[in-house]
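Asks: Data file start.txt (compact mmCIF, N, CA and C atoms) is appended below.
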```
# COMPACT_ATOMS: atom_id res chain seq x y z
N MET A 1 -1.29 8.74 -9.96
CA MET A 1 -1.23 7.30 -10.09
C MET A 1 0.22 6.87 -10.32
N PRO A 2 0.64 5.79 -9.67
CA PRO A 2 2.01 5.37 -9.88
C PRO A 2 2.14 4.58 -11.16
N ASN A 3 3.36 4.57 -11.69
CA ASN A 3 3.61 3.65 -12.78
C ASN A 3 4.17 2.37 -12.17
N GLU A 4 4.72 1.51 -12.98
CA GLU A 4 5.12 0.20 -12.46
C GLU A 4 6.40 0.21 -11.64
N ASN A 5 7.10 1.34 -11.54
CA ASN A 5 8.35 1.39 -10.81
C ASN A 5 8.10 1.58 -9.32
N MET A 6 8.67 0.66 -8.53
CA MET A 6 8.51 0.72 -7.09
C MET A 6 9.75 0.10 -6.47
N ASN A 7 10.39 0.81 -5.56
CA ASN A 7 11.58 0.30 -4.88
C ASN A 7 11.26 0.07 -3.42
N MET A 8 11.48 -1.15 -2.90
CA MET A 8 11.20 -1.46 -1.52
C MET A 8 12.50 -1.47 -0.74
N LEU A 9 12.51 -0.74 0.39
CA LEU A 9 13.70 -0.67 1.23
C LEU A 9 13.30 -0.74 2.70
N PRO A 10 13.98 -1.59 3.51
CA PRO A 10 13.71 -1.59 4.95
C PRO A 10 14.49 -0.46 5.61
N ASP A 11 14.01 0.01 6.77
CA ASP A 11 14.78 0.98 7.53
C ASP A 11 15.36 0.29 8.76
N ASP A 12 15.96 1.04 9.64
CA ASP A 12 16.61 0.46 10.83
C ASP A 12 15.61 -0.16 11.80
N ASP A 13 14.35 0.25 11.75
CA ASP A 13 13.31 -0.28 12.63
C ASP A 13 12.56 -1.44 12.00
N ASP A 14 13.04 -1.95 10.88
CA ASP A 14 12.41 -3.03 10.13
C ASP A 14 11.08 -2.62 9.50
N ASN A 15 10.80 -1.32 9.45
CA ASN A 15 9.65 -0.85 8.68
C ASN A 15 10.05 -0.90 7.22
N MET A 16 9.09 -1.17 6.36
CA MET A 16 9.38 -1.21 4.93
C MET A 16 8.83 0.05 4.28
N TYR A 17 9.64 0.59 3.38
CA TYR A 17 9.27 1.80 2.66
C TYR A 17 9.38 1.55 1.17
N VAL A 18 8.58 2.27 0.41
CA VAL A 18 8.66 2.21 -1.04
C VAL A 18 8.71 3.62 -1.58
N THR A 19 9.34 3.76 -2.71
CA THR A 19 9.32 5.01 -3.44
C THR A 19 8.51 4.78 -4.70
N LEU A 20 7.41 5.50 -4.82
CA LEU A 20 6.55 5.39 -5.99
C LEU A 20 6.95 6.44 -7.01
N ASP A 21 7.13 6.03 -8.24
CA ASP A 21 7.35 6.96 -9.35
C ASP A 21 5.98 7.28 -9.93
N MET A 22 5.55 8.51 -9.77
CA MET A 22 4.22 8.91 -10.21
C MET A 22 4.24 9.23 -11.70
N ASP A 23 3.06 9.22 -12.31
CA ASP A 23 2.93 9.49 -13.74
C ASP A 23 3.43 10.88 -14.13
N ASP A 24 3.38 11.84 -13.18
CA ASP A 24 3.81 13.21 -13.49
C ASP A 24 5.32 13.41 -13.31
N GLY A 25 6.05 12.32 -13.03
CA GLY A 25 7.50 12.40 -12.88
C GLY A 25 7.98 12.63 -11.46
N THR A 26 7.08 12.88 -10.52
CA THR A 26 7.48 13.06 -9.13
C THR A 26 7.62 11.70 -8.45
N GLN A 27 8.25 11.71 -7.29
CA GLN A 27 8.37 10.51 -6.48
C GLN A 27 7.72 10.75 -5.13
N VAL A 28 7.08 9.72 -4.60
CA VAL A 28 6.43 9.80 -3.30
C VAL A 28 6.98 8.66 -2.45
N GLU A 29 7.54 9.01 -1.30
CA GLU A 29 8.02 8.02 -0.33
C GLU A 29 6.83 7.58 0.51
N CYS A 30 6.67 6.25 0.67
CA CYS A 30 5.54 5.70 1.42
C CYS A 30 6.02 4.60 2.36
N GLU A 31 5.35 4.48 3.48
CA GLU A 31 5.58 3.36 4.38
C GLU A 31 4.55 2.28 4.06
N ILE A 32 4.98 1.03 4.03
CA ILE A 32 4.05 -0.07 3.81
C ILE A 32 3.32 -0.34 5.12
N ILE A 33 2.00 -0.19 5.09
CA ILE A 33 1.18 -0.44 6.28
C ILE A 33 0.89 -1.93 6.40
N THR A 34 0.43 -2.54 5.31
CA THR A 34 0.12 -3.96 5.32
C THR A 34 -0.03 -4.47 3.89
N ILE A 35 0.11 -5.76 3.76
CA ILE A 35 -0.22 -6.49 2.53
C ILE A 35 -1.16 -7.61 2.95
N PHE A 36 -2.29 -7.71 2.29
CA PHE A 36 -3.27 -8.74 2.62
C PHE A 36 -3.91 -9.25 1.34
N ASP A 37 -4.63 -10.37 1.46
CA ASP A 37 -5.26 -10.91 0.25
C ASP A 37 -6.76 -11.04 0.43
N ILE A 38 -7.42 -10.97 -0.69
CA ILE A 38 -8.86 -11.25 -0.79
C ILE A 38 -9.02 -12.11 -2.03
N GLU A 39 -9.55 -13.32 -1.83
CA GLU A 39 -9.81 -14.24 -2.93
C GLU A 39 -8.62 -14.38 -3.87
N ASP A 40 -7.47 -14.72 -3.31
CA ASP A 40 -6.24 -15.00 -4.05
C ASP A 40 -5.64 -13.79 -4.76
N GLN A 41 -6.08 -12.57 -4.44
CA GLN A 41 -5.46 -11.36 -4.97
C GLN A 41 -4.85 -10.59 -3.80
N ASP A 42 -3.56 -10.26 -3.89
CA ASP A 42 -2.91 -9.48 -2.85
C ASP A 42 -3.14 -7.99 -3.07
N TYR A 43 -3.24 -7.27 -1.95
CA TYR A 43 -3.40 -5.82 -1.95
C TYR A 43 -2.38 -5.23 -0.99
N ILE A 44 -1.92 -4.02 -1.29
CA ILE A 44 -0.96 -3.34 -0.44
C ILE A 44 -1.53 -1.99 -0.05
N VAL A 45 -1.30 -1.60 1.21
CA VAL A 45 -1.73 -0.30 1.71
C VAL A 45 -0.48 0.49 2.04
N LEU A 46 -0.38 1.67 1.43
CA LEU A 46 0.80 2.53 1.59
C LEU A 46 0.40 3.85 2.23
N LEU A 47 1.23 4.31 3.16
CA LEU A 47 1.02 5.60 3.81
C LEU A 47 2.04 6.58 3.25
N PRO A 48 1.59 7.56 2.46
CA PRO A 48 2.54 8.54 1.91
C PRO A 48 3.12 9.41 3.03
N LEU A 49 4.41 9.68 2.92
CA LEU A 49 5.11 10.48 3.92
C LEU A 49 5.29 11.91 3.41
N ASP A 50 5.42 12.84 4.34
CA ASP A 50 5.64 14.23 3.92
C ASP A 50 7.11 14.42 3.56
N GLU A 51 7.47 15.64 3.21
CA GLU A 51 8.84 15.92 2.75
C GLU A 51 9.89 15.69 3.84
N ASP A 52 9.47 15.61 5.11
CA ASP A 52 10.40 15.33 6.21
C ASP A 52 10.44 13.84 6.56
N GLY A 53 9.73 13.02 5.79
CA GLY A 53 9.70 11.59 6.05
C GLY A 53 8.76 11.21 7.18
N GLU A 54 7.86 12.11 7.55
CA GLU A 54 6.90 11.86 8.62
C GLU A 54 5.56 11.47 8.00
N GLU A 55 4.71 10.80 8.81
CA GLU A 55 3.38 10.42 8.35
C GLU A 55 2.60 11.67 7.99
N ASN A 56 1.79 11.58 6.95
CA ASN A 56 0.97 12.73 6.56
C ASN A 56 -0.13 12.95 7.59
N ASP A 57 -0.52 14.19 7.78
CA ASP A 57 -1.53 14.54 8.78
C ASP A 57 -2.95 14.30 8.30
N GLU A 58 -3.12 14.04 7.03
CA GLU A 58 -4.45 13.92 6.45
C GLU A 58 -5.05 12.53 6.58
N GLY A 59 -4.27 11.54 6.98
CA GLY A 59 -4.77 10.18 7.07
C GLY A 59 -4.91 9.50 5.72
N THR A 60 -4.28 10.07 4.71
CA THR A 60 -4.36 9.53 3.36
C THR A 60 -3.56 8.23 3.25
N VAL A 61 -4.15 7.23 2.62
CA VAL A 61 -3.42 6.00 2.29
C VAL A 61 -3.68 5.69 0.82
N TYR A 62 -2.75 4.96 0.22
CA TYR A 62 -2.92 4.46 -1.14
C TYR A 62 -3.12 2.96 -1.05
N ILE A 63 -4.10 2.45 -1.80
CA ILE A 63 -4.37 1.02 -1.83
C ILE A 63 -4.29 0.55 -3.28
N PHE A 64 -3.50 -0.51 -3.51
CA PHE A 64 -3.28 -1.04 -4.86
C PHE A 64 -3.35 -2.55 -4.84
N ARG A 65 -3.58 -3.12 -6.00
CA ARG A 65 -3.31 -4.55 -6.21
C ARG A 65 -1.80 -4.72 -6.14
N TYR A 66 -1.36 -5.84 -5.58
CA TYR A 66 0.07 -6.08 -5.40
C TYR A 66 0.43 -7.42 -6.02
N PHE A 67 1.51 -7.42 -6.79
CA PHE A 67 1.99 -8.64 -7.45
C PHE A 67 3.50 -8.77 -7.25
N GLU A 68 3.98 -9.98 -7.28
CA GLU A 68 5.42 -10.25 -7.36
C GLU A 68 5.63 -11.23 -8.51
N ASP A 69 6.68 -10.97 -9.32
CA ASP A 69 6.98 -11.89 -10.41
C ASP A 69 7.75 -13.09 -9.88
N GLU A 70 8.16 -13.98 -10.76
CA GLU A 70 8.85 -15.20 -10.36
C GLU A 70 10.12 -14.93 -9.57
N ASP A 71 10.75 -13.78 -9.82
CA ASP A 71 11.99 -13.41 -9.13
C ASP A 71 11.74 -12.61 -7.86
N GLY A 72 10.48 -12.41 -7.49
CA GLY A 72 10.15 -11.66 -6.29
C GLY A 72 10.13 -10.16 -6.45
N ASN A 73 10.18 -9.68 -7.70
CA ASN A 73 10.14 -8.25 -7.94
C ASN A 73 8.70 -7.75 -7.82
N PRO A 74 8.47 -6.72 -6.99
CA PRO A 74 7.10 -6.24 -6.76
C PRO A 74 6.59 -5.33 -7.86
N SER A 75 5.28 -5.31 -8.03
CA SER A 75 4.64 -4.34 -8.93
C SER A 75 3.24 -4.04 -8.40
N LEU A 76 2.73 -2.89 -8.79
CA LEU A 76 1.41 -2.43 -8.36
C LEU A 76 0.50 -2.27 -9.56
N GLU A 77 -0.80 -2.36 -9.28
CA GLU A 77 -1.80 -2.11 -10.30
C GLU A 77 -2.97 -1.40 -9.63
N ASN A 78 -3.52 -0.42 -10.32
CA ASN A 78 -4.68 0.29 -9.78
C ASN A 78 -5.88 -0.64 -9.71
N ILE A 79 -6.71 -0.43 -8.71
CA ILE A 79 -7.98 -1.14 -8.59
C ILE A 79 -8.96 -0.46 -9.53
N GLN A 80 -9.57 -1.20 -10.43
CA GLN A 80 -10.38 -0.63 -11.49
C GLN A 80 -11.85 -0.47 -11.16
N SER A 81 -12.43 -1.37 -10.37
CA SER A 81 -13.88 -1.30 -10.15
C SER A 81 -14.20 -0.79 -8.76
N ASP A 82 -15.33 -0.11 -8.66
CA ASP A 82 -15.80 0.39 -7.37
C ASP A 82 -16.11 -0.76 -6.42
N GLU A 83 -16.67 -1.86 -6.95
CA GLU A 83 -17.01 -3.00 -6.11
C GLU A 83 -15.76 -3.61 -5.49
N GLU A 84 -14.71 -3.77 -6.29
CA GLU A 84 -13.47 -4.32 -5.77
C GLU A 84 -12.88 -3.39 -4.72
N PHE A 85 -12.86 -2.08 -5.01
CA PHE A 85 -12.28 -1.13 -4.06
C PHE A 85 -13.05 -1.14 -2.74
N GLU A 86 -14.37 -1.20 -2.81
CA GLU A 86 -15.18 -1.24 -1.60
C GLU A 86 -14.89 -2.48 -0.76
N ALA A 87 -14.72 -3.63 -1.41
CA ALA A 87 -14.39 -4.87 -0.69
C ALA A 87 -13.02 -4.77 -0.03
N VAL A 88 -12.06 -4.20 -0.73
CA VAL A 88 -10.71 -4.04 -0.20
C VAL A 88 -10.71 -3.05 0.97
N GLU A 89 -11.42 -1.95 0.78
CA GLU A 89 -11.51 -0.94 1.84
C GLU A 89 -12.16 -1.52 3.10
N GLU A 90 -13.21 -2.32 2.91
CA GLU A 90 -13.88 -2.96 4.04
C GLU A 90 -12.94 -3.91 4.77
N ARG A 91 -12.18 -4.70 4.03
CA ARG A 91 -11.24 -5.63 4.66
C ARG A 91 -10.13 -4.88 5.39
N PHE A 92 -9.64 -3.79 4.82
CA PHE A 92 -8.62 -2.98 5.48
C PHE A 92 -9.17 -2.40 6.78
N ASP A 93 -10.40 -1.91 6.77
CA ASP A 93 -11.03 -1.40 8.00
C ASP A 93 -11.12 -2.49 9.06
N GLU A 94 -11.45 -3.72 8.65
CA GLU A 94 -11.49 -4.84 9.58
C GLU A 94 -10.12 -5.10 10.18
N LEU A 95 -9.08 -5.04 9.36
CA LEU A 95 -7.72 -5.23 9.86
C LEU A 95 -7.33 -4.15 10.85
N LEU A 96 -7.73 -2.91 10.59
CA LEU A 96 -7.46 -1.82 11.52
C LEU A 96 -8.18 -2.05 12.85
N ASP A 97 -9.43 -2.49 12.78
CA ASP A 97 -10.19 -2.78 14.00
C ASP A 97 -9.53 -3.91 14.79
N GLU A 98 -9.07 -4.96 14.11
CA GLU A 98 -8.39 -6.07 14.77
C GLU A 98 -7.10 -5.59 15.44
N ALA A 99 -6.35 -4.72 14.77
CA ALA A 99 -5.11 -4.20 15.34
C ALA A 99 -5.38 -3.36 16.58
N ASP A 100 -6.42 -2.53 16.53
CA ASP A 100 -6.80 -1.73 17.70
C ASP A 100 -7.20 -2.62 18.86
N PHE A 101 -7.93 -3.70 18.58
CA PHE A 101 -8.38 -4.62 19.62
C PHE A 101 -7.20 -5.31 20.28
N GLU A 102 -6.20 -5.69 19.48
CA GLU A 102 -5.02 -6.39 20.01
C GLU A 102 -4.16 -5.48 20.87
N GLU A 103 -4.17 -4.19 20.62
CA GLU A 103 -3.37 -3.25 21.42
C GLU A 103 -4.11 -2.97 22.69
```
I need this file expressed as structure tokens, please.
Replies:
Amino acid sequence: MPNENMNMLPDDDDNMYVTLDMDDGTQVECEIITIFDIEDQDYIVLLPLDEDGEENDEGTVYIFRYFEDEDGNPSLENIQSDEEFEAVEERFDELLDEADFEE
């Protein structure tokens, strides 16, 4: 689980990346897949990268509540309830289906 430290950086392709500081002291580099809202709460989907900066082969993503303070500083919060996580997961699946349809 990440703590509240998160650094957002764009790359040369305008992809956004974050470095998550994990509770065990390690850091995980992730690409931001999307940020979306459900009922006035923002959520962020992150794709963890391997040690070479490539997408992981497992299809693993991290999904968190996403907030910005008055100064635009981002922070994450774990989703606490199964019902909320299921709703967020369902909406993310819909977004993936919409993206596939558009391509």
Asks: Skip range 43-56 of chain A itself and residues of its chain fewer than 3 positions away, then list as a PyMOL selection string all residues within 6 Å of it, counting all atoms listed in the file.
Replies: chain A and resi 29-38+59-66
Asks: Interatomic distance between CA of Asp23 in chain A and CA of Pro74 in chain A?
Replies: 17.7 Å
Asks: Please indicate the distance in Å from CA of Glu89 in chain A to CA of Asp71 in chain A, rounded to one decimal place.
Replies: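 Here the two named atoms are 28.8 Å from each other.
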Asks: Please report, as a CSV table (one decimal) with N, CA and C atoms, in the frame of the given file, each residue of range 25-55 of chain A to which DSSP assigns strand (DSSP E or B) when run on this structure's backbone.
Replies:
```
chain,number,residue,atom,x,y,z
A,27,GLN,N,8.2,11.7,-7.3
A,27,GLN,CA,8.4,10.5,-6.5
A,27,GLN,C,7.7,10.8,-5.1
A,28,VAL,N,7.1,9.7,-4.6
A,28,VAL,CA,6.4,9.8,-3.3
A,28,VAL,C,7.0,8.7,-2.4
A,29,GLU,N,7.5,9.0,-1.3
A,29,GLU,CA,8.0,8.0,-0.3
A,29,GLU,C,6.8,7.6,0.5
A,30,CYS,N,6.7,6.2,0.7
A,30,CYS,CA,5.5,5.7,1.4
A,30,CYS,C,6.0,4.6,2.4
A,31,GLU,N,5.4,4.5,3.5
A,31,GLU,CA,5.6,3.4,4.4
A,31,GLU,C,4.6,2.3,4.1
A,32,ILE,N,5.0,1.0,4.0
A,32,ILE,CA,4.0,-0.1,3.8
A,32,ILE,C,3.3,-0.3,5.1
A,33,ILE,N,2.0,-0.2,5.1
A,33,ILE,CA,1.2,-0.4,6.3
A,33,ILE,C,0.9,-1.9,6.4
A,34,THR,N,0.4,-2.5,5.3
A,34,THR,CA,0.1,-4.0,5.3
A,34,THR,C,0.0,-4.5,3.9
A,35,ILE,N,0.1,-5.8,3.8
A,35,ILE,CA,-0.2,-6.5,2.5
A,35,ILE,C,-1.2,-7.6,3.0
A,36,PHE,N,-2.3,-7.7,2.3
A,36,PHE,CA,-3.3,-8.7,2.6
A,36,PHE,C,-3.9,-9.2,1.3
A,37,ASP,N,-4.6,-10.4,1.5
A,37,ASP,CA,-5.3,-10.9,0.2
A,37,ASP,C,-6.8,-11.0,0.4
A,38,ILE,N,-7.4,-11.0,-0.7
A,38,ILE,CA,-8.9,-11.2,-0.8
A,38,ILE,C,-9.0,-12.1,-2.0
A,41,GLN,N,-6.1,-12.6,-4.4
A,41,GLN,CA,-5.5,-11.4,-5.0
A,41,GLN,C,-4.8,-10.6,-3.8
A,42,ASP,N,-3.6,-10.3,-3.9
A,42,ASP,CA,-2.9,-9.5,-2.8
A,42,ASP,C,-3.1,-8.0,-3.1
A,43,TYR,N,-3.2,-7.3,-2.0
A,43,TYR,CA,-3.4,-5.8,-2.0
A,43,TYR,C,-2.4,-5.2,-1.0
A,44,ILE,N,-1.9,-4.0,-1.3
A,44,ILE,CA,-1.0,-3.3,-0.4
A,44,ILE,C,-1.5,-2.0,0.0
A,45,VAL,N,-1.3,-1.6,1.2
A,45,VAL,CA,-1.7,-0.3,1.7
A,45,VAL,C,-0.5,0.5,2.0
A,46,LEU,N,-0.4,1.7,1.4
A,46,LEU,CA,0.8,2.5,1.6
A,46,LEU,C,0.4,3.8,2.2
A,47,LEU,N,1.2,4.3,3.2
A,47,LEU,CA,1.0,5.6,3.8
A,47,LEU,C,2.0,6.6,3.2
A,48,PRO,N,1.6,7.6,2.5
A,48,PRO,CA,2.5,8.5,1.9
A,48,PRO,C,3.1,9.4,3.0
A,49,LEU,N,4.4,9.7,2.9
A,49,LEU,CA,5.1,10.5,3.9
A,49,LEU,C,5.3,11.9,3.4
A,55,GLU,N,4.7,10.8,8.8
A,55,GLU,CA,3.4,10.4,8.4
A,55,GLU,C,2.6,11.7,8.0
```
Asks: Provide the atom C of Asn15 in chain A to atom C of Val28 in chain A distance in Å, to one decimal place.
Replies: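 Atom-to-atom, atom C of Asn15 in chain A and atom C of Val28 in chain A are spaced 13.9 Å apart.
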Asks: Might I get the box with edges along x, y and z of the file that holds all atoms of range 55-64 of chain A listed there, padded by 3 Å on every side, given as centre and edge lengths in Å to one decimal, as JSON?
Replies:
```
{"center_x": -0.2, "center_y": 6.0, "center_z": 2.0, "size_x": 15.8, "size_y": 23.1, "size_z": 19.7}
```
Asks: Output as number ranges by chain all residues of chain A that backbone DSSP marks as helix (DSSP H, G or I).
Replies: A: 82-102
Asks: Could range 29-41 of chain A be completed with N, CA, C and O atoms and written as a short mmCIF file (atom, residue, chain, number, x, y, z; two decimals), in the coordinates of the input, please?
Replies:
```cif
data_model
loop_
_atom_site.label_atom_id
_atom_site.label_comp_id
_atom_site.auth_asym_id
_atom_site.auth_seq_id
_atom_site.Cartn_x
_atom_site.Cartn_y
_atom_site.Cartn_z
N GLU A 29 7.54 9.01 -1.30
CA GLU A 29 8.02 8.02 -0.33
C GLU A 29 6.83 7.58 0.51
O GLU A 29 6.07 8.40 1.01
N CYS A 30 6.67 6.25 0.67
CA CYS A 30 5.54 5.70 1.42
C CYS A 30 6.02 4.60 2.36
O CYS A 30 6.95 3.86 2.03
N GLU A 31 5.35 4.48 3.48
CA GLU A 31 5.58 3.36 4.38
C GLU A 31 4.55 2.28 4.06
O GLU A 31 3.37 2.59 3.82
N ILE A 32 4.98 1.03 4.03
CA ILE A 32 4.05 -0.07 3.81
C ILE A 32 3.32 -0.34 5.12
O ILE A 32 3.94 -0.64 6.13
N ILE A 33 2.00 -0.19 5.09
CA ILE A 33 1.18 -0.44 6.28
C ILE A 33 0.89 -1.93 6.40
O ILE A 33 1.06 -2.53 7.44
N THR A 34 0.43 -2.54 5.31
CA THR A 34 0.12 -3.96 5.32
C THR A 34 -0.03 -4.47 3.89
O THR A 34 -0.26 -3.69 2.96
N ILE A 35 0.11 -5.76 3.76
CA ILE A 35 -0.22 -6.49 2.53
C ILE A 35 -1.16 -7.61 2.95
O ILE A 35 -0.88 -8.34 3.90
N PHE A 36 -2.29 -7.71 2.29
CA PHE A 36 -3.27 -8.74 2.62
C PHE A 36 -3.91 -9.25 1.34
O PHE A 36 -3.74 -8.66 0.28
N ASP A 37 -4.63 -10.37 1.46
CA ASP A 37 -5.26 -10.91 0.25
C ASP A 37 -6.76 -11.04 0.43
O ASP A 37 -7.26 -11.16 1.55
N ILE A 38 -7.42 -10.97 -0.69
CA ILE A 38 -8.86 -11.25 -0.79
C ILE A 38 -9.02 -12.11 -2.03
O ILE A 38 -8.65 -11.70 -3.13
N GLU A 39 -9.55 -13.32 -1.83
CA GLU A 39 -9.81 -14.24 -2.93
C GLU A 39 -8.62 -14.38 -3.87
O GLU A 39 -8.72 -14.19 -5.08
N ASP A 40 -7.47 -14.72 -3.31
CA ASP A 40 -6.24 -15.00 -4.05
C ASP A 40 -5.64 -13.79 -4.76
O ASP A 40 -4.76 -13.94 -5.61
N GLN A 41 -6.08 -12.57 -4.44
CA GLN A 41 -5.46 -11.36 -4.97
C GLN A 41 -4.85 -10.59 -3.80
O GLN A 41 -5.53 -10.35 -2.81
#
```
